[in-house]
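To start, the structure under review is shown below, and the notes come after it.
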Amino acid sequence: MTVSNDCLPIACTLAPGEFQARLAWISDLTRNALRHYQRHDLTLVLTYAADAAERVRELVRREQTCCAFLTFDLQQDPHEIRLTITAPDRARPAADLLFDPFVPPATSTT
């Protein structure tokens, strides 16, 4: 039996302590390996250095467990690994909150 992402609740299943540890882990990956990102409505495309491929795969494994309502797609070539994360339309009100941990914090230029 196949379960559609549309039936899953829009909620992270991690406990509070696990959630903070996960955010720190994602932040470290972002800081060390993220090369580029683009956001298009409910889709976030993250491009990482090729040498981070195993960590990006681990990220997907971890996130699929706690945020099963998101769709993850990995594409790799010799120079980079691209992760596309798509949120369902019913997650639109929470999309910024869902995607923020995967992108670098905004920096002020003033």
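Going by the structure tokens order, chains are called A, B, ..., each with residues numbered from 1, while ligands are numbered from 1 in the order shown.
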
Would you list the contacts of region 29-34 of chain A as a list of chain:residue names, taking every protein, DNA or RNA residue within 6 Å and counting only C-alpha atoms, but skipping same-chain residues closer than 4 positions in sequence?
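Counting only C-alpha atoms, the residues come to A:Thr47, A:Tyr48, A:Ala49.
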
Would you save the residues from that selection as a compact mmCIF listing (two decimals), in the first residue's frame, using all heavy atoms?
```
# COMPACT_ATOMS: atom_id res chain seq x y z
N THR A 47 22.40 23.29 -3.69
CA THR A 47 23.55 22.73 -4.41
C THR A 47 24.73 22.69 -3.46
O THR A 47 25.16 23.71 -2.94
CB THR A 47 23.89 23.58 -5.65
OG1 THR A 47 22.72 23.69 -6.47
CG2 THR A 47 25.02 22.95 -6.44
N TYR A 48 25.24 21.47 -3.26
CA TYR A 48 26.35 21.25 -2.34
C TYR A 48 27.59 20.82 -3.10
O TYR A 48 27.50 20.29 -4.21
CB TYR A 48 26.00 20.13 -1.35
CG TYR A 48 24.85 20.45 -0.42
CD1 TYR A 48 23.55 20.07 -0.74
CD2 TYR A 48 25.07 21.10 0.78
CE1 TYR A 48 22.50 20.35 0.12
CE2 TYR A 48 24.02 21.38 1.64
CZ TYR A 48 22.74 21.02 1.30
OH TYR A 48 21.70 21.29 2.14
N ALA A 49 28.74 20.98 -2.46
CA ALA A 49 30.00 20.48 -3.02
C ALA A 49 29.92 18.97 -3.15
O ALA A 49 29.30 18.29 -2.32
CB ALA A 49 31.16 20.86 -2.11
```

Find the residues around Ser27 (chain A) up to 9 Å (only C-alpha atoms counted), leave out those fewer than 4 positions away in its own chain, and share them as a list of chain:residue names.
A:Arg22, A:Leu23, A:Arg31, A:Asn32, A:Pro101, A:Phe102, A:Val103, A:Pro104

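Going from CA of Arg55 (chain A) over to CA of Arg90 (chain A), you cover 28.9 Å.
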
Residue nearest Asp96 (chain A) among A:Ile26, A:Leu44, A:Ala15, A:Ala21 (counting only C-alpha atoms)
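Looking at the shortest contact to Asp96 (chain A), the residue is A:Leu44.
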
For Asp77 (chain A): contacts at 9 Å, only C-alpha atoms, fewer than 4 positions along chain excluded, given as an MDAnalysis selection string
chainID A and resid 50 81:82

Option closest in space to Glu54 (chain A), from A:Asp100, A:Glu80, A:Asp41, A:Glu18 [counting only C-alpha atoms]
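Checking each candidate against Glu54 (chain A), we get A:Glu80 as the closest.
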
Backbone-only DSSP, helix (DSSP H, G or I) members of region 7-103 of chain A, as a ChimeraX atom specification
/A:7,16-33,50-66,89-102

May I have the residues within 10 Å of region 57-62 of chain A as a PDB file with all heavy atoms, in the first residue's frame, using only C-alpha atoms and disregarding those fewer than 2 positions away in the same chain?
```pdb
ATOM      1  N   ARG A  22      19.478  18.497  15.454  1.00  0.00           N
ATOM      2  CA  ARG A  22      19.330  18.408  13.997  1.00  0.00           C
ATOM      3  C   ARG A  22      19.599  19.762  13.348  1.00  0.00           C
ATOM      4  O   ARG A  22      20.268  19.853  12.321  1.00  0.00           O
ATOM      5  CB  ARG A  22      17.934  17.917  13.639  1.00  0.00           C
ATOM      6  CG  ARG A  22      17.636  17.832  12.144  1.00  0.00           C
ATOM      7  CD  ARG A  22      18.377  16.684  11.449  1.00  0.00           C
ATOM      8  NE  ARG A  22      18.140  15.431  12.091  1.00  0.00           N
ATOM      9  CZ  ARG A  22      17.093  14.638  11.856  1.00  0.00           C
ATOM     10  NH1 ARG A  22      16.208  14.966  10.948  1.00  0.00           N
ATOM     11  NH2 ARG A  22      16.964  13.502  12.512  1.00  0.00           N
ATOM     12  N   TRP A  25      23.261  20.308  13.221  1.00  0.00           N
ATOM     13  CA  TRP A  25      23.880  19.444  12.207  1.00  0.00           C
ATOM     14  C   TRP A  25      23.659  20.016  10.807  1.00  0.00           C
ATOM     15  O   TRP A  25      24.573  20.075   9.985  1.00  0.00           O
ATOM     16  CB  TRP A  25      23.298  18.035  12.334  1.00  0.00           C
ATOM     17  CG  TRP A  25      23.987  17.008  11.510  1.00  0.00           C
ATOM     18  CD1 TRP A  25      25.091  16.288  11.859  1.00  0.00           C
ATOM     19  CD2 TRP A  25      23.637  16.590  10.185  1.00  0.00           C
ATOM     20  NE1 TRP A  25      25.438  15.432  10.836  1.00  0.00           N
ATOM     21  CE2 TRP A  25      24.562  15.612   9.800  1.00  0.00           C
ATOM     22  CE3 TRP A  25      22.641  16.953   9.298  1.00  0.00           C
ATOM     23  CZ2 TRP A  25      24.521  14.983   8.559  1.00  0.00           C
ATOM     24  CZ3 TRP A  25      22.586  16.339   8.063  1.00  0.00           C
ATOM     25  CH2 TRP A  25      23.514  15.366   7.701  1.00  0.00           C
ATOM     26  N   ILE A  26      22.430  20.452  10.526  1.00  0.00           N
ATOM     27  CA  ILE A  26      22.113  21.047   9.221  1.00  0.00           C
ATOM     28  C   ILE A  26      22.899  22.336   9.035  1.00  0.00           C
ATOM     29  O   ILE A  26      23.432  22.603   7.948  1.00  0.00           O
ATOM     30  CB  ILE A  26      20.597  21.288   9.083  1.00  0.00           C
ATOM     31  CG1 ILE A  26      19.858  19.958   8.999  1.00  0.00           C
ATOM     32  CG2 ILE A  26      20.297  22.148   7.851  1.00  0.00           C
ATOM     33  CD1 ILE A  26      18.341  20.088   9.091  1.00  0.00           C
ATOM     34  N   LEU A  29      26.427  21.511   8.016  1.00  0.00           N
ATOM     35  CA  LEU A  29      26.471  21.093   6.613  1.00  0.00           C
ATOM     36  C   LEU A  29      26.329  22.296   5.695  1.00  0.00           C
ATOM     37  O   LEU A  29      27.077  22.435   4.716  1.00  0.00           O
ATOM     38  CB  LEU A  29      25.362  20.072   6.329  1.00  0.00           C
ATOM     39  CG  LEU A  29      25.232  19.607   4.881  1.00  0.00           C
ATOM     40  CD1 LEU A  29      26.497  18.893   4.404  1.00  0.00           C
ATOM     41  CD2 LEU A  29      24.010  18.710   4.723  1.00  0.00           C
ATOM     42  N   ALA A  52      30.567  16.481  -0.326  1.00  0.00           N
ATOM     43  CA  ALA A  52      29.601  16.390   0.765  1.00  0.00           C
ATOM     44  C   ALA A  52      28.479  15.405   0.453  1.00  0.00           C
ATOM     45  O   ALA A  52      27.493  15.319   1.196  1.00  0.00           O
ATOM     46  CB  ALA A  52      29.009  17.763   1.048  1.00  0.00           C
ATOM     47  N   ALA A  53      28.620  14.633  -0.596  1.00  0.00           N
ATOM     48  CA  ALA A  53      27.540  13.760  -1.065  1.00  0.00           C
ATOM     49  C   ALA A  53      27.016  12.826   0.025  1.00  0.00           C
ATOM     50  O   ALA A  53      25.800  12.675   0.183  1.00  0.00           O
ATOM     51  CB  ALA A  53      27.985  12.961  -2.287  1.00  0.00           C
ATOM     52  N   GLU A  54      27.888  12.197   0.774  1.00  0.00           N
ATOM     53  CA  GLU A  54      27.424  11.260   1.802  1.00  0.00           C
ATOM     54  C   GLU A  54      26.660  11.991   2.904  1.00  0.00           C
ATOM     55  O   GLU A  54      25.644  11.504   3.396  1.00  0.00           O
ATOM     56  CB  GLU A  54      28.579  10.452   2.392  1.00  0.00           C
ATOM     57  CG  GLU A  54      28.113   9.361   3.337  1.00  0.00           C
ATOM     58  CD  GLU A  54      27.020   8.452   2.767  1.00  0.00           C
ATOM     59  OE1 GLU A  54      27.095   8.057   1.582  1.00  0.00           O
ATOM     60  OE2 GLU A  54      26.068   8.141   3.516  1.00  0.00           O
ATOM     61  N   ARG A  55      27.114  13.175   3.289  1.00  0.00           N
ATOM     62  CA  ARG A  55      26.399  13.947   4.322  1.00  0.00           C
ATOM     63  C   ARG A  55      25.035  14.410   3.809  1.00  0.00           C
ATOM     64  O   ARG A  55      24.060  14.443   4.560  1.00  0.00           O
ATOM     65  CB  ARG A  55      27.240  15.139   4.779  1.00  0.00           C
ATOM     66  CG  ARG A  55      28.441  14.703   5.601  1.00  0.00           C
ATOM     67  CD  ARG A  55      29.178  15.876   6.193  1.00  0.00           C
ATOM     68  NE  ARG A  55      29.759  16.668   5.109  1.00  0.00           N
ATOM     69  CZ  ARG A  55      30.148  17.932   5.227  1.00  0.00           C
ATOM     70  NH1 ARG A  55      29.995  18.574   6.362  1.00  0.00           N
ATOM     71  NH2 ARG A  55      30.681  18.559   4.213  1.00  0.00           N
ATOM     72  N   GLN A  64      13.643  12.552   5.903  1.00  0.00           N
ATOM     73  CA  GLN A  64      12.507  11.732   5.477  1.00  0.00           C
ATOM     74  C   GLN A  64      11.853  11.048   6.668  1.00  0.00           C
ATOM     75  O   GLN A  64      10.650  10.792   6.660  1.00  0.00           O
ATOM     76  CB  GLN A  64      12.957  10.676   4.463  1.00  0.00           C
ATOM     77  CG  GLN A  64      13.204  11.243   3.096  1.00  0.00           C
ATOM     78  CD  GLN A  64      13.738  10.206   2.128  1.00  0.00           C
ATOM     79  OE1 GLN A  64      14.530   9.340   2.492  1.00  0.00           O
ATOM     80  NE2 GLN A  64      13.311  10.300   0.887  1.00  0.00           N
ATOM     81  N   THR A  65      12.618  10.784   7.693  1.00  0.00           N
ATOM     82  CA  THR A  65      12.092  10.141   8.893  1.00  0.00           C
ATOM     83  C   THR A  65      11.227  11.089   9.712  1.00  0.00           C
ATOM     84  O   THR A  65      10.161  10.710  10.179  1.00  0.00           O
ATOM     85  CB  THR A  65      13.258   9.618   9.767  1.00  0.00           C
ATOM     86  OG1 THR A  65      14.003   8.688   8.993  1.00  0.00           O
ATOM     87  CG2 THR A  65      12.757   8.954  11.022  1.00  0.00           C
ATOM     88  N   CYS A  66      11.658  12.330   9.875  1.00  0.00           N
ATOM     89  CA  CYS A  66      10.929  13.244  10.763  1.00  0.00           C
ATOM     90  C   CYS A  66       9.974  14.182  10.033  1.00  0.00           C
ATOM     91  O   CYS A  66       9.063  14.732  10.649  1.00  0.00           O
ATOM     92  CB  CYS A  66      11.902  14.054  11.609  1.00  0.00           C
ATOM     93  SG  CYS A  66      12.908  15.194  10.650  1.00  0.00           S
ATOM     94  N   CYS A  67      10.182  14.390   8.762  1.00  0.00           N
ATOM     95  CA  CYS A  67       9.334  15.302   7.980  1.00  0.00           C
ATOM     96  C   CYS A  67       8.870  14.589   6.714  1.00  0.00           C
ATOM     97  O   CYS A  67       9.168  15.008   5.585  1.00  0.00           O
ATOM     98  CB  CYS A  67      10.092  16.577   7.630  1.00  0.00           C
ATOM     99  SG  CYS A  67      10.537  17.560   9.079  1.00  0.00           S
ATOM    100  N   ALA A  68       8.143  13.518   6.906  1.00  0.00           N
ATOM    101  CA  ALA A  68       7.737  12.649   5.799  1.00  0.00           C
ATOM    102  C   ALA A  68       6.811  13.331   4.804  1.00  0.00           C
ATOM    103  O   ALA A  68       6.649  12.850   3.682  1.00  0.00           O
ATOM    104  CB  ALA A  68       7.064  11.399   6.347  1.00  0.00           C
ATOM    105  N   THR A  71       8.948  16.182   0.046  1.00  0.00           N
ATOM    106  CA  THR A  71       9.489  15.332  -1.011  1.00  0.00           C
ATOM    107  C   THR A  71      10.941  15.738  -1.241  1.00  0.00           C
ATOM    108  O   THR A  71      11.247  16.930  -1.359  1.00  0.00           O
ATOM    109  CB  THR A  71       8.682  15.507  -2.315  1.00  0.00           C
ATOM    110  OG1 THR A  71       7.327  15.168  -2.056  1.00  0.00           O
ATOM    111  CG2 THR A  71       9.224  14.628  -3.418  1.00  0.00           C
ATOM    112  N   PHE A  72      11.822  14.746  -1.333  1.00  0.00           N
ATOM    113  CA  PHE A  72      13.248  14.982  -1.527  1.00  0.00           C
ATOM    114  C   PHE A  72      13.699  14.312  -2.827  1.00  0.00           C
ATOM    115  O   PHE A  72      13.351  13.164  -3.073  1.00  0.00           O
ATOM    116  CB  PHE A  72      14.057  14.396  -0.367  1.00  0.00           C
ATOM    117  CG  PHE A  72      13.705  15.005   0.955  1.00  0.00           C
ATOM    118  CD1 PHE A  72      12.677  14.481   1.720  1.00  0.00           C
ATOM    119  CD2 PHE A  72      14.387  16.097   1.430  1.00  0.00           C
ATOM    120  CE1 PHE A  72      12.337  15.039   2.942  1.00  0.00           C
ATOM    121  CE2 PHE A  72      14.062  16.666   2.652  1.00  0.00           C
ATOM    122  CZ  PHE A  72      13.037  16.139   3.407  1.00  0.00           C
ATOM    123  N   ASP A  73      14.497  15.038  -3.609  1.00  0.00           N
ATOM    124  CA  ASP A  73      15.044  14.488  -4.843  1.00  0.00           C
ATOM    125  C   ASP A  73      16.522  14.846  -4.903  1.00  0.00           C
ATOM    126  O   ASP A  73      16.878  16.023  -4.781  1.00  0.00           O
ATOM    127  CB  ASP A  73      14.314  15.064  -6.056  1.00  0.00           C
ATOM    128  CG  ASP A  73      14.876  14.523  -7.358  1.00  0.00           C
ATOM    129  OD1 ASP A  73      14.880  13.287  -7.534  1.00  0.00           O
ATOM    130  OD2 ASP A  73      15.337  15.334  -8.186  1.00  0.00           O
ATOM    131  N   LEU A  74      17.375  13.842  -5.070  1.00  0.00           N
ATOM    132  CA  LEU A  74      18.824  14.044  -5.164  1.00  0.00           C
ATOM    133  C   LEU A  74      19.306  13.805  -6.588  1.00  0.00           C
ATOM    134  O   LEU A  74      18.905  12.824  -7.219  1.00  0.00           O
ATOM    135  CB  LEU A  74      19.558  13.054  -4.262  1.00  0.00           C
ATOM    136  CG  LEU A  74      19.716  13.408  -2.799  1.00  0.00           C
ATOM    137  CD1 LEU A  74      20.363  12.259  -2.052  1.00  0.00           C
ATOM    138  CD2 LEU A  74      20.515  14.671  -2.618  1.00  0.00           C
ATOM    139  N   ILE A  81      26.301  18.066  -5.868  1.00  0.00           N
ATOM    140  CA  ILE A  81      25.113  17.271  -5.561  1.00  0.00           C
ATOM    141  C   ILE A  81      23.973  18.254  -5.289  1.00  0.00           C
ATOM    142  O   ILE A  81      24.139  19.218  -4.537  1.00  0.00           O
ATOM    143  CB  ILE A  81      25.352  16.298  -4.381  1.00  0.00           C
ATOM    144  CG1 ILE A  81      24.122  15.427  -4.161  1.00  0.00           C
ATOM    145  CG2 ILE A  81      25.795  17.004  -3.130  1.00  0.00           C
ATOM    146  CD1 ILE A  81      24.371  14.196  -3.311  1.00  0.00           C
ATOM    147  N   LEU A  83      20.054  18.867  -4.121  1.00  0.00           N
ATOM    148  CA  LEU A  83      18.915  18.366  -3.368  1.00  0.00           C
ATOM    149  C   LEU A  83      17.743  19.307  -3.595  1.00  0.00           C
ATOM    150  O   LEU A  83      17.855  20.508  -3.355  1.00  0.00           O
ATOM    151  CB  LEU A  83      19.247  18.302  -1.873  1.00  0.00           C
ATOM    152  CG  LEU A  83      18.088  18.004  -0.921  1.00  0.00           C
ATOM    153  CD1 LEU A  83      17.424  16.669  -1.251  1.00  0.00           C
ATOM    154  CD2 LEU A  83      18.574  18.056   0.519  1.00  0.00           C
ATOM    155  N   ILE A  85      13.973  20.010  -2.404  1.00  0.00           N
ATOM    156  CA  ILE A  85      12.977  19.729  -1.368  1.00  0.00           C
ATOM    157  C   ILE A  85      11.693  20.430  -1.773  1.00  0.00           C
ATOM    158  O   ILE A  85      11.695  21.633  -2.043  1.00  0.00           O
ATOM    159  CB  ILE A  85      13.427  20.244   0.014  1.00  0.00           C
ATOM    160  CG1 ILE A  85      14.799  19.679   0.389  1.00  0.00           C
ATOM    161  CG2 ILE A  85      12.379  19.899   1.083  1.00  0.00           C
ATOM    162  CD1 ILE A  85      15.397  20.304   1.636  1.00  0.00           C
TER     163      ILE A  85
END
```

List every residue of region 20-108 of chain A that DSSP, applied to the backbone of this structure, assigns to strand (DSSP E), and report them as a list of chain:residue names.
A:Leu34, A:Arg35, A:His36, A:Tyr37, A:Gln38, A:Arg39, A:His40, A:Thr43, A:Leu44, A:Val45, A:Leu46, A:Thr47, A:Tyr48, A:Ala49, A:Thr71, A:Phe72, A:Asp73, A:Leu74, A:Gln75, A:Gln76, A:Asp77, A:Glu80, A:Ile81, A:Arg82, A:Leu83, A:Thr84, A:Ile85, A:Thr86
